[in-house]
Structures are given as structure tokens and as C-alpha cells.
Amino acid sequence: MAGVKKEQTRSLPREKLVAMYEKMLVIRYFEEASIKAYQQKKIAGFLHSYIGQEAVGVGTLEHKLPQDAVVTSYRCHGLYLALGGSPREGMAELFGKVTGCARGKGGSMHFFSQPHNFLGGHGIVGGQFGAGIGAAFKSNYDEDNAVSFIFFGDGALAQGSFHESLNLAALWDLPAIFICEDNQYGMGTANTRAIANTDVASKAEGYGIKGTTVNGMDLFEVHETMRHVAHETRATRRPALVHMKTYRYFGHSLSDAGLYRSKDEVDAYKQKDPILTVSQELRENGWMGEDENKNLQKKIRAHIQDAVDFADESPEPPLEELTQQVFRDSVGSD
Amino acid sequence: MAGVKKEQTRSLPREKLVAMYEKMLVIRYFEEASIKAYQQKKIAGFLHSYIGQEAVGVGTLEHKLPQDAVVTSYRCHGLYLALGGSPREGMAELFGKVTGCARGKGGSMHFFSQPHNFLGGHGIVGGQFGAGIGAAFKSNYDEDNAVSFIFFGDGALAQGSFHESLNLAALWDLPAIFICEDNQYGMGTANTRAIANTDVASKAEGYGIKGTTVNGMDLFEVHETMRHVAHETRATRRPALVHMKTYRYFGHSLSDAGLYRSKDEVDAYKQKDPILTVSQELRENGWMGEDENKNLQKKIRAHIQDAVDFADESPEPPLEELTQQVFRDSVGSD
Amino acid sequence: MAVVEMREALNQALKEEMTRDEKVFILGEEVAEYNGAYKVTKGLLDHFGPKRVIDTPISESGFTGLAVGAAMMGLRPVVEYMSFNFSLVAMDQIISNASKMLYMSGGLYHIPIVFRGPNGAGPRVSSQHSHNMESVYAHFPGIHVLSPSCPADAKGMLKAAIRCNDPVVFLENELNYGLKEEIPDGDYLIPIGKGDIKRAGNDVTIIAWSRMMTLAKQAAAELEKEGISAELLDPRTLKPLDMPLIAESVKKTNRVVIVEEGHFFSGVGAQIADSIYTQMFDYLDAPIARVAQSENPMPYAANLEAATLPSVAKIVQAVRQVTYRS
Amino acid sequence: MAVVEMREALNQALKEEMTRDEKVFILGEEVAEYNGAYKVTKGLLDHFGPKRVIDTPISESGFTGLAVGAAMMGLRPVVEYMSFNFSLVAMDQIISNASKMLYMSGGLYHIPIVFRGPNGAGPRVSSQHSHNMESVYAHFPGIHVLSPSCPADAKGMLKAAIRCNDPVVFLENELNYGLKEEIPDGDYLIPIGKGDIKRAGNDVTIIAWSRMMTLAKQAAAELEKEGISAELLDPRTLKPLDMPLIAESVKKTNRVVIVEEGHFFSGVGAQIADSIYTQMFDYLDAPIARVAQSENPMPYAANLEAATLPSVAKIVQAVRQVTYRS
Ligand SMILES: Cc1ncc(C[n+]2csc(CCOP(=O)(O)OP(=O)(O)O)c2C)c(N)n1
Ligand SMILES: Cc1ncc(C[n+]2csc(CCOP(=O)(O)OP(=O)(O)O)c2C)c(N)n1
Ligand SMILES: [Mg+2]
Ligand SMILES: [Mg+2]
């Protein structure tokens, strides 16, 4: 699939490209706003930014059907928004407010959205594989033709759950798409120091499935490649392994100074910034002029500011919720 | 390595072949005796027989040097004996006697021998990988040029520990030889129902290491192939993955009726019995005549009977040992 | 009233609930073609087919995680661990995911899963195959922990567990599968959180569950001869505990012996004792006595194994102690 | 006497013991080039080199198993878990292998490993990152469980743990790493199994460990104003417990409050209470009060997080209760 040509990407209709561009902007501005709020101490705990990886989530989830499920790690805001999750509820979750997408109980690492079958937001590295193949299993069980999009980081490749889940999916024809968002680091550890063979796609053969490598900084390539992969998995029920080469601009979380990589390395990636690239494409194609672009950006920034205000003004969860939602049913003397 | 020629096998000197033949007989008779004792209720718990797989252990461990370490699953009697472990202490362990190789505390699944760096005897499927790569790590740490032989069943391929250990070994150049004793079943489950891609050697590439497939029923092929693999791992410190195709004649454990496979299938393998094959070779080469063979077998049977008698007459552990050997050091009020 | 073995009672519960609800399925090692390592799932594959009775590879973490995802999407998995010792490799999926999901999703995703299989020591299976896991799973919020002591309870409790919309750890015992007793006919449930008095008595309350109740019954018979009338209380649900029932009994007998097969330190028995002391301090005429496994891994040798486990003699001795008869 | 932070005290212990014994090495995520997620291993890579200070992939089960094998062959690994929440994926290697190996090998293979890292709740890290693991590891025989509350203890206890020839679970606390206090100069050990009286008092014994001792000290100061003299007892080693020290204190105060950050059901506090009741029943003037986390997973919201954790106010309240001042 690496052979996808740039011309083909032009085949994207304007509306679609603009829609994806908007989504990337929503993610970028949401994350920027959350970083600001974190510095203002309105958000606490860990905050893992998706900035730099927008094309992966947006380009991939463009192919998600309503019945499909999506699951990822703690680096979950971008996918939640790419799916159409509400910035208000997302920001309120970060602020720990009852109006949040998890009623303020989950926080930054645990975004969920039932209407989108977004199964979280998992804090344990590799902990999300099971939920993903479980959703794929359910799809076969109910024959609803759904697929699962399982996002995970390069660091998660070293967890046993990656292997067990891939084996189960390949063995049972579970329609799960394993998408490794390889931003080249697991915290401060370069993937070359964590993974014996960093050619992720080459790991597919051991399970008898297909592996694909994608430039995750290029929205067009991501979108086009994932169109094929999603279609094939949906049709054949065979799982797939996709290696998305991407990059995070910020530290692992906001507490990470990022001393393990050079400014030049980061800057080099910022040259390939997916949002920059797409806005250029839009301009060069004459699909969106400077002013239109400015206005769009202003509109989205306002949209995110509204989310911040909403989060700010929302109330904390009432104290009686502390011991609620531990169980769905009430039993015994509990 | 599959291309090893039968002629080459002839290159084995008589003494070596006879020695290995004797070891296979020791294992076969020891296991037969233990089954009998189990039926007489002198042995309890689980009893997993190595009968049918003798060539794998004997042919491989012929290349073990004193500083090397060996570890395996609960199906551990054969390797213990192949290493030169005492049948007396082995049988006494099965009988739960204090004279056993683990003082009667471990039982059938937990044979150990410190002089041979035999690290067990592990009851949890996949639980032995860590001990194996840990020994390989120690070898690099102390630069003693040792390698680790890690034996495991085909069923263990599905455990996350297989993946994590292989990745760590390949990443850090740990001299560990991963030997999958593929007897084609994990309990009642054919490996085709448990492993997505049963070509075990093909899993090596995902870790950037070499994979090798061996006919585990053929002592000559096992010995010759493992000579190469052991030498290469010792020299390069690169781990290796070896797929040994073998078969167990008895059920998974003695409580298993083995209804999941046909008598014909079992008989077909018994035709390729490693002990049978080698005794024929010895005869055809004029290296051991009928009588000599008979006498040898009688001698070894007596040797095993002596072990049974020893186990029978040995005392149980004294009751005060119940709470001993929980810790090496005594601390606090403990 | 039919007389059936524990394994048959469990089998009936599975069969009835799978018949009642299409969303219920069972997966685990050897549960299908092999009919279960201990035959609890016997006949289920033939009856329900491979879609709902599923043999898994030896990937406890993987298929436990799969069950969590399936539950989030609306299915109701029953996960069989060939033994609860093997749940140790799946612990993270049970504790970090199954038991936390509803809460950390703000109530969006409930997890109706039953994790079941034999718990505790099998016969002569040594150190790695004899763990009692009840206190570990009971320690964390978000899971109910059940453990039946007889076929009748086993069926009604398992049916209730399968109908529960939250994670349930259901602890059976290998040595109990052959226990044969009467069970009620047809469909019945034993609610989660309700204990049961297995024998009424006045002098001492013996609290025991799972296989320990069998020993407690024998101990009660012996004590009878000594003129000690023991009340036998089976909490059945270890978490949440049926404290009202326990309180009632303790107020009557004023003396308590707690018997658990597992280890002593922070065992479920420690919590039961703590709760009794806190709520019924003034009703106790003697400190509570606990009978549990000795402080060492499970040895293989027959004599050591016998010495490490609770026994009728140890229970009788503990009762004598709390009744000051020794 | 230098004044250092907890992380520095732990760092000194590691550095001194690695200097003393060539066989000691440390491995874990980000321990080397990153100098430790919480800087406990700061400078060790520079000082000892990559052979003995090792960054691992995110493979807790794999590198825990590796440590077991290395220990069997004569090395002395220190395993750092970035947080003890992640030990859940390595649980089987700790329980089934490390804690059983010496026993099931009949005394052949001892396992000198220290498993260390932050335990309990970090600030606002929510449900999956806030587990207190002490009662789980203390439940099974074959492991010692230590948890220091101050820099001086941290250093002496970690040095003793590293010199121990058996597995030690060493529980630190993220919120305590910055705790700055005096520590003795040079080389000293605090023996495993020995608790400490952090403050002498007569009216009540408050038993607390790790970060809870910091809260207990504040509570004691407040109680002082109310004329209640609290004795603060830090077991330091949670298993084996220093029962002689506890007995001495309880016999003096006759009233006990046990504070643990973790969950209530079968917590270590339940065992301490059970042991006190059993051994000192007649010395207690009131039932023991326990302060622990409320029965729910850790929420993210600031107000809920504050409400679920033990607090100075809750400790004071518990003391008033056992002293009948409320
Ligand atoms: C089992 C486990 N071990 C360790 C951690 C701590 N941790 C959180 S994120 C992380 C790095 C993960 O890197 P990667 O998988 O590449 O994802 P990325 O953060 O780059 O998106 C680590 C070590 C964890 N959450 N879970
Ligand atoms: C983690 C774990 N799960 C399940 C078991 C129960 N069990 C013991 S052996 C076995 C089958 C293993 O088959 P394989 O790995 O092929 O080894 P073999 O017995 O064929 O030598 C199973 C499922 C176990 N011991 N450990
Ligand atoms: Mg990464
Ligand atoms: Mg096998």
C-alpha cells in the first residue's frame, strides 16, 4: 500500500477534504486549549496531547461506520473528537466536571462516547486490545458487519496483550484493524530501544495476516490506505495490522520536558505538519482562500473557547456520585 | 536447516549415538515406571509424560555446556534426565519424598537440578520464558559465554510471555534458544485451533531473528540442527527460535483420555518412534547387536527399578519442613 | 428434588441461562470439544454450537480482555478459567478494566461478565496450582465475589451471577465438583449478597464457604458429641457480605470461628472478623478464632499438603478454644 | 545529618548497595536515560553504566520474569515498576514464580529481588492508576512487603531489602518523593520486620504507613489541642508485622485507629485489626476504627478524589470515636 500515489489523493472531493481539515483543526485547537488550561491548573493529572498525530485519527475514522467500534490508549482526545465527540463534554471531562463525557470520573485518559461506540480511553499500555477484539467478536456474533479500529502506541508493541489479541483475532477471523500510532517514542524511550524489529508491518506474517505501512503525517495517504484496509477487513473479516508513522510535537505528557530528542528533529516533523500540508493543498487547488481559511480557523477557535467556558462554568459532580456507578445493579447490603 | 542430510547423521560417532540412545531409554523407562506408580496411587496430582518426545530433549541437550541453563514446562522429567539428573531423586520427587530433587515439595511439575542449571519445571504455561531469558541475561552480565535452552509447548505460543520474552531477547542480544516442542496439542486442543499461523519458525522474522524447523522425531536431525543453532547463538548472542515437530504418545496428563485424536494418528507416530529408529540404525550400522541391545535395555530397566525402590523406601519430608524454605533469610518476628 | 453433582448443577445453570438469553456465551480452555477440564460445560457445545461455546487458546489475558469488549458492546460472557491460578496472568483485565469500566466511563459501560472456575487447592497439585484468590478479588471495588458450597446453592448462585449486570468472580472448587446433593427443581435464583445458615446451633458460629463448609459440617457433628452446638453460616457471597445474617447468628452464639481454605494474612476471614468485632464487639465472649492455610506455599508431599490445609481437627480445636473447652 | 528528599534517600540506597555489590542491578521503564519517571534513579546510569542500569520496553511481565531467572542464576535485580498499577500485568511472575521458587525447588533457588516503585494514588490520575497493592502482595507467603513513610526509613529499609535474599515488594508513594527530612549519615540498615514509634502518646495508637503517616502526624497535632495524646506507630514492614511493638503500644493506649490509603475490604488494616483483637482482646477499651478509601474506584474529579481518600479530618474523627469524644 506504500505505493499510493499523490495524484490519487487529489481524487478527494472538496467537501470531504474540508471536513477532515476542520476536524484536524478542532483537535489541534482543543489540545492547545487543554494545555493552556493545564498550565492554569484547571486540569490535573496526566495530559497526553494528540498534536502532530491528527491525520492518523481523522484520516482513518473517516471510514468508520455507525456500528463500528473504536478504542485507544490514554492519548484519546483526538480520536474522540475525530469521531464527532462534543468538545464541550470533552473539555468538561478534563476539568473534572459532571457535564464531562465520563461525568468527570474518568479524566484525560478515559474519554468514552457510547453513540460512537468509542470504548475509551485506556490508561494501561496494551489494555485496550482486548476491548477492541471483543467488539469485533460481538460484530461476528450479531453479524452486523462492523469492524473495530484498535489504536495503540509503538510502546504497546512490547506488551503481551498485543500478541495474544492479534493471535486471537487472526485465529477467529475477528474484524479488527490494529493501528499502531508509531510516534517513535514510548515516553522517553525511542522505539529502537524497545522493539526488536521496528518494521511493525513485518510482524503481521507471524499471524498470517496483512501488514501495511503508512505515512501518518499525510492525511491523503492515511485516508486512501485506510479506505482499502477497512473495506478489506469488513469484507473478509480478517484482522489487519497497520503501521502509522507519525510524531507527537509535545512531550509524552505535560510533565515531560522531552530532553531525549532534539529540537531539530521536532522541527523537521513540523515541516510536514498535516494541517499545514492540507491547508496548502486547499489553497493550491483553489478550494480555500486565505480569508476563508482564516475565518474557518477563527470559527473553530471560538467553538473551542465555548467548550472551555462551558467546562469552566459546569459544576463538579455532586458528592453523592462518589459511590454511585460502581455497580449497575444494587445487590445485597451494598 | 531443514536441508540436513541423513548421510551427515551417520557422522555421529558410535559412542555418542549409544550414549544418546541410553538416555532416551532412561527417559522412556522412567516415564513408564512413573505411570505404573501413578496407577498404584504412589504418585498423585498431575503427571505429564515425555514419552514420544525423547529425541527433542536428548538431541538438543547434547550441546549443553556446564554453564548453560535449561528451563521448561511441567513436562519436565525427560529434560531433567537428559541433563543427567538422578532417576532416584526424580522418582522420589514424584513419590513426594524428602529425598526428591525438590525435597518432595515440588512434585511432578517442578523438577529442579542446580548442578545442571536446570531452572524447572514450571506449572504455568509460558511461565518459564522469563527464567530462561533471565539466565541468558546473567550470562551476558558475567560474560561466561553461556546460552539458555528454553523449552515450551505449542500451546505456550499463545501466551503474552512468549512475545515479551522473545522481544526482550532479540532487543538485548540475550543468548536464549526458544525451543517449541510442538506435539501438536495443548491438552485437547489441536494447535491449528490455538495458533493463527502454525508455522512457528515464521514468527521469528517479526523479531528480527532466525527461525528453524526440525523433525523432532529424528534424533539425528535434532542433534545436527541444534549443534548449528547452539553454536551460532553462543557465538553471536542472538536468540533463536526452533520449531520441533514432535508428538506425545500418552494423554496430556494421566487424567486425559485423549478422545480428541485417533488411534491411527498415534500409531502413525509410533512408527517413527525415535528409540525404534535409533536402535535400527545401531543394528544396521553393526554398532549394536540384538543381544547387546537387550542387555542394555535390561540394565536400564533395573536402573529405573532401583529408582522406584529408592523412592518407595525413602521417608516423607519431616513435618517441620512444612514452613521451612519459604524464605532463605529469617527476618522480624517471622 | 433431583440429586445431582455440583458440576451438574453448574451445568444446568449455564444451560438454562444460555437458553433464556441469546447474549450469554461461554469461552475458555477446553470448554467446548473437551466438554470442560472438569466437565462443568459437558454437552454445551452440542446443544448451543461453536458460536456460543468457545474453546480458546491459552491466552487468559487475551480472552478476558475480549470478554470485556464483548460485554461493553452488549454481550454477556461467561469466562471459564481452567483454574483461578491462571487468572493471575489476566489480573490486569479483571481489576483495571472489568471492575473499573462502569465507574470510569461515568456509568456508560456496565460489564456483565461472570469469571468462573475452580479456586483453591486441587489434590496434590503443588505450589503454583493451589491459590485461593477470593481475598484478592474481594479487595477491589467493582466486583462481586461468590463461592458456593453445595450443588443447590451453586445452581441458584450461578444463575443469579449470569443475570447480574456487573462483574462477578464465581469461585468453585475442584474437590467439590463431585459433591452430590439434592437441588430444587426448575428455575430458581439465590440472590447475590445473601448468606445461609447451613445448620442451626447455639454455642458457636462457624463461618465457612466453598469446600470448607463440608469440613465444618463434619466438625459440627463431632462437636455435637462433645455437647457443643455449632451454628454453620455460609456467607455464599464473600463480597458484599451478608452482615445482617452474620450479626443475627453472632448475637445468638457470642462465639465465632472463621474457616477459609486460603491464606491467613488479609484473607477474607480477616475482613469478616474485623467487621464482626466492629459491629458486635460487646456480643463477643471470646476473641474470634480463624482457621486457614499455614504460612507457606502449597507443598506436593502428601503429609505436608495435609498439614498445611484446614482440617476437621483444626476446626474442632478452634471451637474448643473459643468455647474455652480446651 | 543531611536533609534530603525521599527520592534522594532512595537514590542513595541504590547507589550505595550497587557500589557494595556488583551483582545488584536495576531495570525498569525510563530508569536509565530518563533518570527515572520520578527521578529516583537519577544519575545511576552515568555512574554505573548501561550494563547495570537498564531501560526496559513496556513489558512488565517479561522483565519481571527475566529478573526471576537472573536471580536464580545469582544476580540481585532491583525491578522498578513505574507504578505498582503496572505490576498487575506481571502479577503471575511475582506470585507464581518469585514467591514460590525457593519453596517448590525444595530450597535450591532463592530469589533476591526487590520489586519497587510508587504505590497508591498519584494526584488526579483516576481509576486505573491509583491502586494500593499492599494487601494483595502481603496475602501470599514468600514475599516481604515494606513501605516507608519518611526519607530516613526509606534509605535504611531499601538497603535492607536489597541485601535480603528473598523477594521484597517495596512500596513507595509518588506524593512522598518530595518529602524532605533529615537522614543519618553513611551506611545504615533498618531491619525488615521492625516498626517504629513516630510519636509517643498515651490515649490512642494510630497505626499508619507510607503517606498516611504524614496525615497521621497532622492529625496528632490537632488532637493535641483537644487534649488527646496520640501515639503514632509505623509498622514500616507490613509483612511480617512487628506485633511485639504493636502489642506494647496497644497495652499502653488501649485504643487503636488504623489508617491505610488503600481499600477497606481485606486491606492490611483488616489483618492488623484481626491480629490485635486476637492477641490483645482484653486490653481494648473500644473497637478498633479503620480509616481507608471509600468503596469505589478512584474518581478524577477533584472533589470526589478528595472525598474518597483518607484525610486528617477522617483520622481525627476516628480517634474521637474510639476515645468516645464524639
Ligand atoms: C502496563 C503499563 N506500563 C507502563 C505504563 C506507563 N506508561 C504510560 S504511557 C507509556 C508510554 C507508552 O508509549 P506508546 O505506547 O508509544 O504510546 P504514546 O504515549 O507514544 O502514544 C508508559 C510507559 C502504563 N500506563 N501501563
Ligand atoms: C496460564 C495457564 N493456563 C492454563 C493452564 C492449564 N494447562 C496446563 S498444560 C496446558 C496445555 C499446554 O499445552 P502445550 O503448551 O502445547 O504443552 P504440552 O502439554 O503439549 O507439552 C494447559 C492449558 C496452565 N497451566 N497455565
Ligand atoms: Mg509512542
Ligand atoms: Mg503441546
# chains A, B, ... in the order shown; residues from 1 in each chain; ligands from 1
$ residues_near_ligand --ligand "ligand 3" --cutoff "12 Å" --atoms "only C-alpha atoms and all ligand atoms" --output "VMD selection string"
(chain A and resid 48 to 50 53 73 to 75 125 to 126 151 to 158 180 to 195 198 243 to 253) or (chain D and resid 57 to 58)
$ residues_around --residues "region 120-133 of chain C" --least-positions-apart "4" --cutoff "9 Å" --atoms "only C-alpha atoms" --output "PyMOL selection string"
(chain B and resi 44-46+105-110+122-124) or (chain C and resi 83-87+137-138+171-175+261-263+297-302+305+309) or (chain D and resi 95-97+100-101+103-104+140)
$ interface_residues --of "chain C" --to "chain D" --cutoff "6 Å" --atoms "only C-alpha atoms" --output "list in words"
Leu88, Val89, Asp92, Ser96, Gln128, Val136, His139, Pro141, Phe265, Ser266, Val268, Ala270, Gln271, Asp274, Thr278, Pro287, Glu295 and Asn296 of chain C
$ closest_residue --among "A:Leu171, A:Ile275, A:Val222, A:Cys76" --to "ligand 1" --atoms "only C-alpha atoms and all ligand atoms"
A:Cys76
$ closest_atom_pairs --of "chain A" --to "chain B" --cutoff "7 Å" --atoms "only C-alpha atoms" --output "CSV"
residue,atom,partner,partner_atom,distance
A:Ala158,CA,B:Glu164,CA,5.9
A:Gln159,CA,B:Glu164,CA,6.2
A:Gly160,CA,B:Gly160,CA,3.5
A:Ser161,CA,B:Gly160,CA,5.9
A:His163,CA,B:Gly160,CA,5.9
A:Glu164,CA,B:Gly160,CA,5.6
A:Asn167,CA,B:Ala196,CA,5.5
A:Ala170,CA,B:Ala196,CA,5.5
A:Leu171,CA,B:Ala196,CA,4.4
A:Ile195,CA,B:Leu171,CA,6.5
A:Ala196,CA,B:Leu171,CA,4.4
A:Asn197,CA,B:Tyr207,CA,5.2
A:Ser202,CA,B:Gly206,CA,5.5
A:Lys203,CA,B:Gly206,CA,4.2
A:Gly206,CA,B:Lys203,CA,4.2
A:Tyr207,CA,B:Asn197,CA,5.1
A:Gly208,CA,B:Asn197,CA,5.5
$ write_last_selection --atoms "C-alpha atoms" --output "compact mmCIF listing (two decimals), in the first residue's frame"
# COMPACT_ATOMS: atom_id res chain seq x y z
CA ALA A 158 6.14 -4.84 23.66
CA GLN A 159 3.12 -5.89 25.74
CA GLY A 160 1.94 -9.49 25.73
CA SER A 161 -1.63 -8.31 25.15
CA HIS A 163 0.42 -10.71 20.78
CA GLU A 164 -2.47 -12.50 22.47
CA ASN A 167 -3.37 -14.22 17.63
CA ALA A 170 -6.30 -13.89 13.31
CA LEU A 171 -7.34 -17.31 14.61
CA ILE A 195 11.13 -3.08 19.85
CA ALA A 196 13.38 -5.74 18.40
CA ASN A 197 12.17 -5.17 14.84
CA SER A 202 6.62 -7.33 9.25
CA LYS A 203 5.07 -8.67 12.45
CA GLY A 206 3.74 -14.42 12.09
CA TYR A 207 -0.04 -14.29 12.49
CA GLY A 208 -0.86 -14.96 8.88
$ closest_residue --among "A:Asp256, A:Glu31, A:Glu313, A:Glu62" --to "chain D" --atoms "only C-alpha atoms"
A:Asp256
